[in-house]
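Here's entry21.txt, which has compact mmCIF, C-alpha atoms and all ligand atoms:
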# COMPACT_ATOMS: atom_id res chain seq x y z
CA MET A 1062 56.91 14.51 5.04
CA THR A 1063 53.28 13.51 5.62
CA ARG A 1064 51.67 13.67 9.05
CA TYR A 1065 51.78 9.88 9.19
CA GLU A 1066 55.48 9.78 8.32
CA SER A 1067 56.13 12.30 11.07
CA ALA A 1068 54.05 10.31 13.57
CA LYS A 1069 55.84 7.14 12.59
CA GLU A 1070 59.18 8.76 13.44
CA ILE A 1071 57.93 10.00 16.79
CA TYR A 1072 56.60 6.55 17.74
CA ALA A 1073 59.82 4.89 16.55
CA LYS A 1074 61.68 6.84 19.24
CA TYR A 1075 59.58 4.87 21.75
CA GLY A 1076 60.35 1.61 19.98
CA ILE A 1077 56.90 1.41 18.38
CA ASP A 1078 56.46 0.23 14.80
CA THR A 1079 53.25 1.94 13.72
CA ASP A 1080 53.06 0.01 10.42
CA ALA A 1081 53.03 -3.23 12.41
CA ALA A 1082 50.43 -1.80 14.82
CA ILE A 1083 48.17 -0.86 11.91
CA ALA A 1084 48.56 -4.30 10.32
CA LYS A 1085 47.73 -5.99 13.64
CA CYS A 1086 44.72 -3.76 14.32
CA LYS A 1087 43.16 -4.70 10.99
CA GLU A 1088 43.04 -8.34 12.07
CA ILE A 1089 41.33 -7.96 15.46
CA PRO A 1090 37.69 -8.95 15.18
CA VAL A 1091 35.24 -6.70 17.01
CA THR A 1092 31.69 -8.00 17.17
CA LEU A 1093 28.94 -5.59 16.19
CA HIS A 1094 25.60 -6.20 17.93
CA CYS A 1095 22.50 -6.14 15.75
CA TRP A 1096 20.29 -4.79 18.56
CA GLN A 1097 21.43 -1.16 18.40
CA GLY A 1098 19.49 -0.89 15.16
CA ASP A 1099 15.97 -1.39 16.52
CA ASP A 1100 16.24 -0.67 20.26
CA VAL A 1101 16.52 -4.37 21.25
CA ILE A 1102 13.10 -5.32 19.91
CA GLY A 1103 13.77 -8.16 17.45
CA PHE A 1104 11.41 -9.88 15.03
CA ASP A 1105 9.66 -12.62 17.01
CA HIS A 1106 7.17 -10.72 19.19
CA ASP A 1107 5.04 -7.60 19.25
CA GLY A 1108 5.66 -6.37 22.78
CA GLY A 1109 8.34 -4.05 24.11
CA LEU A 1110 11.63 -4.71 25.83
CA THR A 1111 11.54 -6.36 29.27
CA GLY A 1112 14.03 -8.10 31.56
CA GLY A 1113 15.65 -5.31 33.53
CA ILE A 1114 17.10 -3.54 30.50
CA GLN A 1115 15.70 -0.44 28.89
CA THR A 1116 16.17 1.79 25.91
CA THR A 1117 15.33 5.46 26.13
CA GLY A 1118 14.71 7.89 23.32
CA ASN A 1119 12.55 7.99 20.24
CA TYR A 1120 14.89 9.04 17.46
CA PRO A 1121 13.19 8.55 14.10
CA GLY A 1122 14.08 5.88 11.56
CA LYS A 1123 14.61 2.70 13.54
CA ALA A 1124 14.68 -0.56 11.57
CA ARG A 1125 11.23 -2.19 11.51
CA ASN A 1126 12.00 -5.48 9.79
CA PRO A 1127 14.95 -7.70 8.82
CA GLU A 1128 15.50 -5.99 5.46
CA GLU A 1129 15.82 -2.58 7.08
CA LEU A 1130 18.04 -3.83 9.90
CA LEU A 1131 20.45 -5.60 7.55
CA ALA A 1132 20.57 -2.58 5.24
CA ASP A 1133 21.31 -0.31 8.21
CA MET A 1134 24.04 -2.62 9.48
CA ASP A 1135 25.56 -2.62 6.02
CA LYS A 1136 25.53 1.16 5.92
CA ALA A 1137 27.12 1.30 9.36
CA MET A 1138 29.79 -1.28 8.51
CA SER A 1139 30.73 0.60 5.34
CA LEU A 1140 31.93 3.39 7.64
CA MET A 1141 33.97 1.18 9.98
CA PRO A 1142 37.59 0.17 9.50
CA GLY A 1143 38.84 -3.25 10.51
CA THR A 1144 37.51 -6.79 10.96
CA LYS A 1145 33.88 -7.17 11.90
CA LYS A 1146 31.81 -10.00 13.29
CA VAL A 1147 28.08 -9.73 13.78
CA ASN A 1148 26.21 -10.46 17.02
CA VAL A 1149 22.67 -11.80 16.79
CA HIS A 1150 20.10 -12.32 19.53
CA ALA A 1151 17.68 -15.25 19.23
CA CYS A 1152 14.72 -12.85 19.05
CA TYR A 1153 16.12 -11.75 15.68
CA ALA A 1154 15.08 -15.02 14.00
CA ILE A 1155 13.96 -14.27 10.45
CA PHE A 1156 10.80 -16.20 9.59
CA GLU A 1157 9.27 -16.76 6.19
CA GLU A 1158 5.83 -15.27 5.55
CA GLY A 1159 3.33 -17.00 7.87
CA GLU A 1160 6.04 -19.02 9.62
CA PHE A 1161 6.69 -18.87 13.38
CA ALA A 1162 8.64 -20.88 15.93
CA ASP A 1163 8.64 -20.16 19.64
CA ARG A 1164 11.98 -19.72 21.40
CA ASP A 1165 12.15 -23.37 22.50
CA ALA A 1166 11.65 -24.55 18.92
CA LEU A 1167 14.03 -22.29 17.03
CA GLU A 1168 16.06 -24.00 14.33
CA PRO A 1169 19.11 -23.09 12.28
CA LYS A 1170 16.90 -22.43 9.25
CA HIS A 1171 15.36 -19.45 11.07
CA PHE A 1172 18.78 -17.80 10.94
CA GLN A 1173 19.75 -18.67 7.40
CA LYS A 1174 19.44 -15.05 6.26
CA TRP A 1175 21.94 -14.04 8.93
CA VAL A 1176 24.32 -16.71 7.68
CA ASP A 1177 23.91 -15.52 4.09
CA PHE A 1178 24.52 -11.94 5.22
CA ALA A 1179 27.66 -12.89 7.19
CA LYS A 1180 29.11 -15.21 4.57
CA GLU A 1181 28.70 -12.67 1.77
CA ARG A 1182 30.77 -10.27 3.85
CA GLY A 1183 33.32 -12.81 5.11
CA MET A 1184 32.23 -12.39 8.73
CA GLY A 1185 31.64 -14.72 11.65
CA ILE A 1186 28.53 -14.61 13.84
CA ASP A 1187 28.17 -14.55 17.62
CA PHE A 1188 24.89 -15.53 19.20
CA ASN A 1189 22.74 -14.97 22.27
CA PRO A 1190 19.74 -16.85 23.56
CA THR A 1191 17.04 -14.28 24.40
CA PHE A 1192 15.77 -14.87 27.94
CA PHE A 1193 13.63 -11.70 28.02
CA SER A 1194 10.80 -9.90 26.20
CA HIS A 1195 8.61 -13.01 26.12
CA PRO A 1196 5.34 -14.16 27.79
CA LYS A 1197 7.04 -17.22 29.25
CA VAL A 1198 9.18 -15.05 31.51
CA LYS A 1199 7.20 -15.94 34.65
CA ASP A 1200 7.29 -13.53 37.58
CA GLY A 1201 10.52 -12.13 36.17
CA LEU A 1202 12.22 -15.54 36.11
CA THR A 1203 13.40 -17.90 33.35
CA LEU A 1204 16.22 -20.40 33.97
CA SER A 1205 15.95 -19.89 37.72
CA SER A 1206 12.17 -20.25 37.89
CA PRO A 1207 10.67 -22.53 40.55
CA ASP A 1208 8.00 -23.38 38.00
CA GLU A 1209 9.38 -26.46 36.28
CA GLU A 1210 7.46 -25.93 33.04
CA THR A 1211 8.85 -22.40 32.74
CA ARG A 1212 12.39 -23.46 33.57
CA LYS A 1213 12.24 -26.32 31.06
CA PHE A 1214 10.96 -24.03 28.31
CA TRP A 1215 13.97 -21.80 28.74
CA VAL A 1216 16.39 -24.73 28.99
CA GLU A 1217 15.04 -25.92 25.64
CA HIS A 1218 15.62 -22.42 24.29
CA GLY A 1219 19.23 -22.54 25.44
CA LYS A 1220 19.75 -25.96 23.86
CA ALA A 1221 18.21 -24.79 20.59
CA CYS A 1222 20.65 -21.87 20.66
CA ILE A 1223 23.64 -24.21 21.06
CA ARG A 1224 22.51 -25.97 17.88
CA ILE A 1225 22.10 -22.65 16.07
CA ALA A 1226 25.52 -21.47 17.32
CA ASN A 1227 27.00 -24.66 15.92
CA TYR A 1228 25.30 -23.97 12.59
CA PHE A 1229 26.84 -20.47 12.54
CA ALA A 1230 30.31 -21.86 13.26
CA GLU A 1231 30.00 -24.60 10.65
CA GLU A 1232 28.68 -22.27 7.96
CA THR A 1233 31.06 -19.37 8.48
CA GLY A 1234 34.11 -21.41 9.52
CA ILE A 1235 34.58 -18.98 12.42
CA PRO A 1236 33.90 -19.94 16.07
CA CYS A 1237 30.62 -18.68 17.51
CA VAL A 1238 30.61 -17.10 20.96
CA MET A 1239 27.21 -17.92 22.51
CA ASN A 1240 26.42 -15.83 25.52
CA ILE A 1241 23.99 -16.79 28.28
CA TRP A 1242 22.60 -13.85 30.16
CA ILE A 1243 19.36 -13.85 32.15
CA GLY A 1244 17.70 -10.91 33.87
CA ASP A 1245 16.24 -13.15 36.59
CA GLY A 1246 16.03 -11.42 39.93
CA PHE A 1247 13.90 -9.68 42.53
CA LYS A 1248 12.88 -6.10 43.07
CA ASP A 1249 13.02 -6.42 46.83
CA VAL A 1250 15.00 -8.35 49.37
CA PRO A 1251 14.52 -12.05 48.65
CA ALA A 1252 13.59 -14.67 51.24
CA ASP A 1253 15.60 -17.26 49.31
CA ARG A 1254 18.78 -16.29 47.49
CA MET A 1255 20.20 -19.76 47.00
CA GLY A 1256 17.21 -21.57 45.51
CA PRO A 1257 17.15 -19.53 42.26
CA ARG A 1258 20.92 -19.90 41.92
CA MET A 1259 20.77 -23.68 42.39
CA ARG A 1260 18.09 -23.85 39.71
CA TYR A 1261 20.06 -21.54 37.42
CA LYS A 1262 23.12 -23.77 37.82
CA GLN A 1263 21.06 -26.86 37.00
CA SER A 1264 19.62 -25.10 33.94
CA ILE A 1265 23.03 -24.12 32.56
CA ASP A 1266 24.22 -27.70 33.17
CA GLU A 1267 21.26 -28.93 31.15
CA ILE A 1268 21.81 -26.44 28.32
CA LEU A 1269 25.50 -27.34 28.09
CA SER A 1270 24.61 -31.04 27.95
CA GLU A 1271 23.65 -30.38 24.34
CA PRO A 1272 26.62 -31.68 22.33
CA TYR A 1273 29.06 -29.13 20.88
CA ASP A 1274 32.75 -28.71 20.20
CA ILE A 1275 34.19 -25.86 22.28
CA ALA A 1276 36.66 -25.14 19.48
CA LYS A 1277 33.64 -24.00 17.45
CA VAL A 1278 30.89 -23.08 19.92
CA LYS A 1279 31.96 -21.00 22.88
CA PRO A 1280 29.21 -20.70 25.47
CA CYS A 1281 29.70 -17.83 27.93
CA VAL A 1282 28.03 -16.88 31.18
CA GLU A 1283 27.50 -13.15 31.75
CA SER A 1284 26.91 -11.69 35.19
CA LYS A 1285 24.98 -8.62 36.24
CA VAL A 1286 24.79 -6.66 39.45
CA PHE A 1287 21.20 -5.42 39.11
CA GLY A 1288 18.59 -4.33 36.59
CA ILE A 1289 15.56 -2.07 36.42
CA GLY A 1290 12.89 -3.78 38.52
CA VAL A 1291 15.38 -6.28 39.93
CA GLU A 1292 17.34 -3.94 42.16
CA ALA A 1293 17.73 -6.19 45.20
CA TYR A 1294 18.99 -9.41 43.70
CA THR A 1295 20.07 -11.07 40.46
CA ALA A 1296 20.49 -14.83 40.25
CA GLY A 1297 23.43 -14.48 37.86
CA SER A 1298 25.65 -12.36 40.06
CA ALA A 1299 29.38 -11.90 39.42
CA GLU A 1300 30.36 -14.59 41.92
CA PHE A 1301 27.79 -17.01 40.55
CA THR A 1302 28.78 -16.76 36.89
CA LEU A 1303 32.53 -16.59 37.52
CA SER A 1304 32.34 -19.66 39.77
CA TYR A 1305 30.24 -21.46 37.19
CA ALA A 1306 32.78 -20.73 34.47
CA ALA A 1307 35.70 -21.70 36.71
CA MET A 1308 34.12 -25.02 37.61
CA ASN A 1309 33.26 -25.73 33.97
CA LYS A 1310 36.36 -24.45 32.20
CA ASP A 1311 36.20 -27.09 29.51
CA LYS A 1312 32.60 -26.16 28.65
CA CYS A 1313 32.26 -22.38 28.85
CA LEU A 1314 33.92 -18.97 29.22
CA PRO A 1315 33.30 -16.12 31.63
CA LEU A 1316 31.90 -12.97 29.98
CA MET A 1317 32.33 -9.54 31.54
CA ASP A 1318 30.11 -6.64 30.54
CA ASN A 1319 31.63 -3.43 31.89
CA GLY A 1320 28.17 -2.05 32.61
CA HIS A 1321 27.38 -4.94 34.92
CA TYR A 1322 29.50 -4.08 37.94
CA HIS A 1323 29.40 -1.52 40.71
CA PRO A 1324 30.37 1.84 39.20
CA THR A 1325 33.81 2.01 40.84
CA GLU A 1326 34.79 -1.47 39.67
CA VAL A 1327 36.70 -1.64 36.41
CA VAL A 1328 36.72 -4.53 33.97
CA SER A 1329 40.20 -3.51 32.76
CA ASP A 1330 41.58 -4.71 36.09
CA LYS A 1331 39.56 -7.92 35.95
CA ILE A 1332 40.88 -8.94 32.51
CA PRO A 1333 44.39 -9.96 33.68
CA ALA A 1334 42.86 -11.55 36.79
CA LEU A 1335 40.72 -13.84 34.65
CA LEU A 1336 43.44 -14.45 32.08
CA THR A 1337 45.56 -15.83 34.91
CA PHE A 1338 43.12 -18.70 35.20
CA PHE A 1339 41.05 -19.00 32.01
CA PRO A 1340 42.38 -19.89 28.56
CA GLU A 1341 39.82 -17.54 26.99
CA VAL A 1342 37.49 -14.81 28.19
CA ALA A 1343 34.76 -12.77 26.52
CA LEU A 1344 33.83 -9.11 26.87
CA HIS A 1345 30.83 -6.91 26.27
CA VAL A 1346 32.13 -3.39 25.89
CA THR A 1347 29.63 -0.71 26.77
CA ARG A 1348 29.52 2.62 28.62
CA GLY A 1349 27.50 2.87 31.77
CA ILE A 1350 26.71 6.31 33.12
CA ARG A 1351 25.87 5.94 36.82
CA TRP A 1352 24.30 2.55 36.10
CA ASP A 1353 24.14 -0.04 33.29
CA SER A 1354 22.78 2.62 30.97
CA ASP A 1355 24.30 1.14 27.78
CA HIS A 1356 25.50 4.44 26.36
CA VAL A 1357 27.46 4.33 23.11
CA VAL A 1358 31.11 3.39 23.63
CA VAL A 1359 33.40 6.41 23.24
CA LEU A 1360 37.15 6.75 23.55
CA ASP A 1361 37.10 7.20 27.32
CA ASP A 1362 39.68 6.15 29.88
CA GLU A 1363 38.14 2.77 30.66
CA THR A 1364 37.69 1.77 27.02
CA LYS A 1365 41.37 2.66 26.45
CA GLU A 1366 42.40 0.73 29.54
CA ILE A 1367 40.41 -2.37 28.54
CA ALA A 1368 42.23 -2.37 25.20
CA GLN A 1369 45.56 -1.75 26.94
CA GLU A 1370 45.10 -4.77 29.18
CA ILE A 1371 44.20 -7.08 26.30
CA VAL A 1372 47.28 -5.96 24.37
CA ARG A 1373 49.64 -5.83 27.39
CA CYS A 1374 48.61 -9.37 28.34
CA ASP A 1375 49.37 -10.44 24.77
CA ALA A 1376 45.84 -11.84 24.78
CA LEU A 1377 44.33 -10.62 21.50
CA ASP A 1378 43.72 -14.26 20.58
CA ARG A 1379 42.29 -15.12 24.02
CA VAL A 1380 39.76 -12.31 24.46
CA TYR A 1381 36.55 -12.09 22.43
CA ILE A 1382 35.59 -8.44 22.07
CA ALA A 1383 31.92 -7.64 21.47
CA LEU A 1384 30.03 -4.38 21.72
CA ASP A 1385 26.81 -4.13 23.75
CA PHE A 1386 25.05 -0.78 23.89
CA PHE A 1387 21.80 0.73 22.69
CA ASP A 1388 20.85 4.36 22.51
CA ALA A 1389 17.48 5.26 20.98
CA SER A 1390 17.95 9.02 21.41
CA ILE A 1391 20.41 9.51 18.55
CA ASN A 1392 20.88 8.28 15.00
CA ARG A 1393 21.30 4.52 15.48
CA ILE A 1394 23.76 4.10 12.61
CA SER A 1395 25.92 6.84 14.04
CA ALA A 1396 25.72 5.06 17.41
CA TRP A 1397 26.97 1.83 15.85
CA VAL A 1398 29.78 3.52 13.91
CA THR A 1399 30.94 5.71 16.78
CA GLY A 1400 30.97 2.80 19.22
CA PHE A 1401 32.82 0.50 16.86
CA ARG A 1402 35.37 3.15 15.89
CA SER A 1403 35.96 3.99 19.55
CA MET A 1404 36.83 0.38 20.35
CA GLN A 1405 39.13 0.27 17.34
CA LYS A 1406 40.81 3.54 18.31
CA ALA A 1407 41.41 2.11 21.79
CA LEU A 1408 42.96 -1.03 20.30
CA LEU A 1409 45.17 0.92 17.90
CA ASN A 1410 46.25 3.19 20.73
CA ALA A 1411 47.12 0.16 22.87
CA LEU A 1412 49.14 -1.34 20.03
CA CYS A 1413 51.03 1.97 19.80
CA THR A 1414 51.93 2.04 23.49
CA PRO A 1415 55.46 1.13 24.66
CA SER A 1416 54.14 -1.37 27.20
CA ALA A 1417 57.29 -3.47 27.41
CA ALA A 1418 59.37 -0.42 28.36
CA MET A 1419 56.86 0.63 31.00
CA LYS A 1420 56.67 -2.89 32.47
CA GLU A 1421 60.45 -2.75 32.78
CA LEU A 1422 60.19 0.51 34.71
CA GLN A 1423 57.56 -1.03 37.00
CA ASP A 1424 59.59 -4.17 37.65
CA SER A 1425 62.65 -2.10 38.51
CA ALA A 1426 60.53 0.13 40.78
CA GLN A 1427 61.15 3.28 38.70
CA PHE A 1428 57.64 4.54 39.37
CA SER A 1429 58.34 8.25 38.84
CA ARG A 1430 59.82 7.57 35.40
CA LYS A 1431 56.97 5.20 34.61
CA MET A 1432 54.41 7.89 35.45
CA VAL A 1433 56.18 10.46 33.29
CA MET A 1434 56.35 8.03 30.39
CA MET A 1435 52.66 7.17 30.75
CA GLU A 1436 51.79 10.85 30.66
CA ASP A 1437 54.08 11.48 27.67
CA CYS A 1438 52.34 8.68 25.79
CA LYS A 1439 49.03 10.50 26.11
CA MET A 1440 50.41 13.28 23.91
CA LEU A 1441 51.69 11.03 21.11
CA PRO A 1442 50.10 11.67 17.69
CA ILE A 1443 47.72 8.69 17.67
CA GLY A 1444 45.29 10.68 15.52
CA ASP A 1445 47.73 10.60 12.61
CA VAL A 1446 48.16 6.84 12.97
CA TRP A 1447 44.38 6.45 13.10
CA ALA A 1448 44.02 8.51 9.92
CA GLU A 1449 46.52 6.25 8.14
CA TYR A 1450 44.74 3.14 9.47
CA CYS A 1451 41.40 4.41 8.13
CA ARG A 1452 42.99 5.35 4.81
CA GLN A 1453 44.36 1.83 4.41
CA CYS A 1454 40.95 0.39 5.34
CA GLY A 1455 39.23 2.60 2.77
CA VAL A 1456 37.13 4.69 5.16
CA ASP A 1457 37.26 8.35 6.16
CA ALA A 1458 39.08 9.01 9.42
CA ASP A 1459 36.55 11.62 10.52
CA ASN A 1460 33.43 13.49 9.42
CA TYR A 1461 31.58 10.24 8.82
CA TYR A 1462 28.38 11.85 10.03
CA ASP A 1463 27.85 13.61 6.71
CA GLU A 1464 27.37 10.22 5.07
CA ILE A 1465 25.05 9.08 7.86
CA GLU A 1466 22.97 12.25 7.59
CA LYS A 1467 22.56 11.64 3.89
CA TYR A 1468 21.32 8.09 4.61
CA GLU A 1469 19.02 9.51 7.29
CA ASN A 1470 17.46 11.91 4.84
CA GLU A 1471 17.22 9.47 1.97
CA VAL A 1472 16.24 6.30 3.86
CA LEU A 1473 15.57 6.55 7.59
CA LEU A 1474 13.22 9.55 7.59
CA LYS A 1475 11.04 7.84 4.99
CA ARG A 1476 10.19 5.12 7.51
CA VAL A 1477 6.94 6.42 8.95
MN MN B 1501 26.02 -7.46 27.95
What does this structure look like when you write it as structure tokens?
Amino acid sequence: MTRYESAKEIYAKYGIDTDAAIAKCKEIPVTLHCWQGDDVIGFDHDGGLTGGIQTTGNYPGKARNPEELLADMDKAMSLMPGTKKVNVHACYAIFEEGEFADRDALEPKHFQKWVDFAKERGMGIDFNPTFFSHPKVKDGLTLSSPDEETRKFWVEHGKACIRIANYFAEETGIPCVMNIWIGDGFKDVPADRMGPRMRYKQSIDEILSEPYDIAKVKPCVESKVFGIGVEAYTAGSAEFTLSYAAMNKDKCLPLMDNGHYHPTEVVSDKIPALLTFFPEVALHVTRGIRWDSDHVVVLDDETKEIAQEIVRCDALDRVYIALDFFDASINRISAWVTGFRSMQKALLNALCTPSAAMKELQDSAQFSRKMVMMEDCKMLPIGDVWAEYCRQCGVDADNYYDEIEKYENEVLLKRV
């Protein structure tokens, strides 16, 4: 008997069909963000990263141009099991030699190489307007700016991104999740908290006035509690974005990034709360250490619990799962692969959990038995199911770093 056959028998005693769990896991799209590959720099400007987010570290070999970034993503994806989708930020427009378009004038053609890349690999594309790292961020503000010219510039950027998101959906045949996040805020206690929020609301209204079909383009609004340099106040707070999404349910989705809440809040608990009211929700899965530090996702308790809630709520087709982290202190391809695999492990583990039986124990108030069963489940041989899943997907279950180290030596370290 193989280890998988043995694991399969053990899970069957809990009523779990591991073959079915593996088959299901293969179908769940997880969106891989392009910005881990170059420390959130992009291709449309020379300056560094601004907007309350920060990368730390100077690990050698980061991608310096579109060719390198796409090659690195390919390498990373070759080491990941399961269904992938790619997430692009607007600052990753790929221009022809001598060509340039500012953010308010971006067109679908500036993303044709991304479409080619995705289509060749049978993937969809998610998209993000980039409201940071740009000279037109005025006094730290974009869509909430009191300066009308500034605000309008960024509204036009948002509208351009709706058109590009539509192009992605049309070309790939897969809906495009288009996420609006701004870093607008104040370092110190503001004298006016409502004004920026009223302007931000007006700006999102204007962006979403651009025509689109929500079956294809899925605009999201992402909240944030604070950022570096905007510690006192963010215009797009949790209450603001959630209220906006609730009042505009036919036009957009709420997006929760688990690094964007107070450290004792958990997104896993918020998922069923939002699913009670919204047909669809979107996630950015990350790992914050003490703050929104965007560490690489690992198989920690909260990542497991996020996956558990999606599966328990039978909401795999209602929750869009995207990764959002960036660590410049380690091999960036390893960061991508480890983060993606961790999310997949969490999903596979959730699919191999006897949730129906435990719900039954909860509903009949058998809390002691429920606790014992939950603890027993932690010792089930999920590693053997994971190994079988990877085998079926044609990737190694472990030791993938050897392959990455080879690529580092042969490719990354030659980038000087
Ligand atoms: Mn995010």
**Asked** Taking all atoms listed in the file into account, which residues are within 9 Å of ligand MN 1501 (chain B), as number ranges by chain?
**Response** A: 1240, 1242, 1283-1285, 1316-1321, 1344-1347, 1355, 1383-1386
**Request:** Dump as a VMD selection string all residues having an atom at most 10 Å from (41.2, -3.1, 27.0), computed in the file's coordinates with all atoms listed in the file.
**Result:** chain A and resid 1328 to 1330 1332 1344 1346 1362 to 1374 1377 1380 1382 1404 1407 to 1408 1411
**Asked** Which is closest to A:Tyr1075 among A:Ala1418, A:Met1435, A:Cys1454, A:Met1440, if we use all atoms listed in the file?
**Response** A:Ala1418
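Among A:Gly1183, A:Pro1340, A:Gly1159, A:Gly1455, the residue with the shortest atom-to-atom distance to A:Asp1105, counting all atoms listed in the file, is A:Gly1159.
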Take the point (22.2, -4.3, 41.2) as written in the file and pick out every residue within 12 Å of it, counting all atoms listed in the file; give the list as an mmCIF file with C-alpha atoms, in the frame of the given file.
data_model
loop_
_atom_site.group_PDB
_atom_site.id
_atom_site.type_symbol
_atom_site.label_atom_id
_atom_site.label_comp_id
_atom_site.auth_asym_id
_atom_site.auth_seq_id
_atom_site.Cartn_x
_atom_site.Cartn_y
_atom_site.Cartn_z
ATOM 1 C CA GLY A 1113 15.650 -5.310 33.530
ATOM 2 C CA ILE A 1114 17.100 -3.540 30.500
ATOM 3 C CA GLY A 1244 17.700 -10.910 33.870
ATOM 4 C CA ASP A 1245 16.240 -13.150 36.590
ATOM 5 C CA GLY A 1246 16.030 -11.420 39.930
ATOM 6 C CA PHE A 1247 13.900 -9.680 42.530
ATOM 7 C CA LYS A 1248 12.880 -6.100 43.070
ATOM 8 C CA ASP A 1249 13.020 -6.420 46.830
ATOM 9 C CA VAL A 1250 15.000 -8.350 49.370
ATOM 10 C CA SER A 1284 26.910 -11.690 35.190
ATOM 11 C CA LYS A 1285 24.980 -8.620 36.240
ATOM 12 C CA VAL A 1286 24.790 -6.660 39.450
ATOM 13 C CA PHE A 1287 21.200 -5.420 39.110
ATOM 14 C CA GLY A 1288 18.590 -4.330 36.590
ATOM 15 C CA ILE A 1289 15.560 -2.070 36.420
ATOM 16 C CA GLY A 1290 12.890 -3.780 38.520
ATOM 17 C CA VAL A 1291 15.380 -6.280 39.930
ATOM 18 C CA GLU A 1292 17.340 -3.940 42.160
ATOM 19 C CA ALA A 1293 17.730 -6.190 45.200
ATOM 20 C CA TYR A 1294 18.990 -9.410 43.700
ATOM 21 C CA THR A 1295 20.070 -11.070 40.460
ATOM 22 C CA ALA A 1296 20.490 -14.830 40.250
ATOM 23 C CA GLY A 1297 23.430 -14.480 37.860
ATOM 24 C CA SER A 1298 25.650 -12.360 40.060
ATOM 25 C CA ALA A 1299 29.380 -11.900 39.420
ATOM 26 C CA GLY A 1320 28.170 -2.050 32.610
ATOM 27 C CA HIS A 1321 27.380 -4.940 34.920
ATOM 28 C CA TYR A 1322 29.500 -4.080 37.940
ATOM 29 C CA HIS A 1323 29.400 -1.520 40.710
ATOM 30 C CA PRO A 1324 30.370 1.840 39.200
ATOM 31 C CA ARG A 1351 25.870 5.940 36.820
ATOM 32 C CA TRP A 1352 24.300 2.550 36.100
ATOM 33 C CA ASP A 1353 24.140 -0.040 33.290
#
**Request:** Mind checking which residues fall within 9 Å of stretch 1138-1150 of chain A, counting only C-alpha atoms, ignoring those fewer than 4 positions away in the same chain, and posting them as a VMD selection string?
**Result:** chain A and resid 1086 to 1096 1101 1103 1133 to 1134 1154 1175 1179 1183 to 1191 1238 1383 to 1384 1397 to 1399 1401 to 1402 1405 1450 to 1458 1461 1464 to 1465
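Taking atom CA of A:Ala1276 and atom CA of A:Lys1180 as endpoints, the distance between them is 19.4 Å.
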Per-residue nearest contacts of stretch 1158-1274 of chain A to stretch 1303-1311 of chain A (10 Å; all atoms listed in the file) as JSON lines:
{"residue": "A:Lys1262", "atom": "CA", "partner": "A:Tyr1305", "partner_atom": "CA", "distance": 7.5}
{"residue": "A:Ile1265", "atom": "CA", "partner": "A:Tyr1305", "partner_atom": "CA", "distance": 9.0}
{"residue": "A:Asp1266", "atom": "CA", "partner": "A:Asn1309", "partner_atom": "CA", "distance": 9.3}
{"residue": "A:Leu1269", "atom": "CA", "partner": "A:Asn1309", "partner_atom": "CA", "distance": 9.9}
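One finds atom CA of A:Cys1281 at 24.0 Å from atom CA of A:Thr1325.
Across A:Trp1215, A:Gly1076, A:Thr1111, A:Glu1066, the tightest approach to A:Ala1417 is made by A:Gly1076 when counting all atoms listed in the file.
Checking A:Lys1331, A:Glu1217, A:His1195, A:Gly1122 one by one against A:Glu1168, counting all atoms listed in the file, you find the shortest gap at A:Glu1217.
Each of A:Pro1280, A:Pro1169, A:Pro1415, A:Gly1349 was compared to A:Glu1231 using all atoms listed in the file, and A:Pro1169 turns out to be the nearest.
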**Item:** Atom pair atom CA of A:Glu1436 / atom CA of A:Leu1412: separation (Å)
**Value:** 16.4 Å
Could you rebuild stretch 1455-1463 of chain A with N, CA and C atoms and give me the result as a PDB file, in the frame of the given file?
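Listed below is the output, selection.pdb:
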ATOM      1  N   GLY A1455      40.165   2.051   3.742  1.00  0.00           N
ATOM      2  CA  GLY A1455      39.230   2.600   2.770  1.00  0.00           C
ATOM      3  C   GLY A1455      38.039   3.331   3.369  1.00  0.00           C
ATOM      4  N   VAL A1456      38.204   3.882   4.570  1.00  0.00           N
ATOM      5  CA  VAL A1456      37.130   4.690   5.160  1.00  0.00           C
ATOM      6  C   VAL A1456      37.693   6.048   5.587  1.00  0.00           C
ATOM      7  N   ASP A1457      36.812   7.036   5.696  1.00  0.00           N
ATOM      8  CA  ASP A1457      37.260   8.350   6.160  1.00  0.00           C
ATOM      9  C   ASP A1457      37.635   8.269   7.638  1.00  0.00           C
ATOM     10  N   ALA A1458      38.649   9.023   8.020  1.00  0.00           N
ATOM     11  CA  ALA A1458      39.080   9.010   9.420  1.00  0.00           C
ATOM     12  C   ALA A1458      38.146   9.812  10.308  1.00  0.00           C
ATOM     13  N   ASP A1459      37.461  10.794   9.722  1.00  0.00           N
ATOM     14  CA  ASP A1459      36.550  11.620  10.520  1.00  0.00           C
ATOM     15  C   ASP A1459      35.384  12.068   9.638  1.00  0.00           C
ATOM     16  N   ASN A1460      34.551  12.909  10.183  1.00  0.00           N
ATOM     17  CA  ASN A1460      33.430  13.490   9.420  1.00  0.00           C
ATOM     18  C   ASN A1460      32.496  12.455   8.802  1.00  0.00           C
ATOM     19  N   TYR A1461      32.446  11.261   9.410  1.00  0.00           N
ATOM     20  CA  TYR A1461      31.580  10.240   8.820  1.00  0.00           C
ATOM     21  C   TYR A1461      30.102  10.555   8.992  1.00  0.00           C
ATOM     22  N   TYR A1462      29.798  11.543   9.808  1.00  0.00           N
ATOM     23  CA  TYR A1462      28.380  11.850  10.030  1.00  0.00           C
ATOM     24  C   TYR A1462      27.692  12.421   8.795  1.00  0.00           C
ATOM     25  N   ASP A1463      28.460  13.070   7.937  1.00  0.00           N
ATOM     26  CA  ASP A1463      27.850  13.610   6.710  1.00  0.00           C
ATOM     27  C   ASP A1463      27.184  12.487   5.910  1.00  0.00           C
TER      28      ASP A1463
END
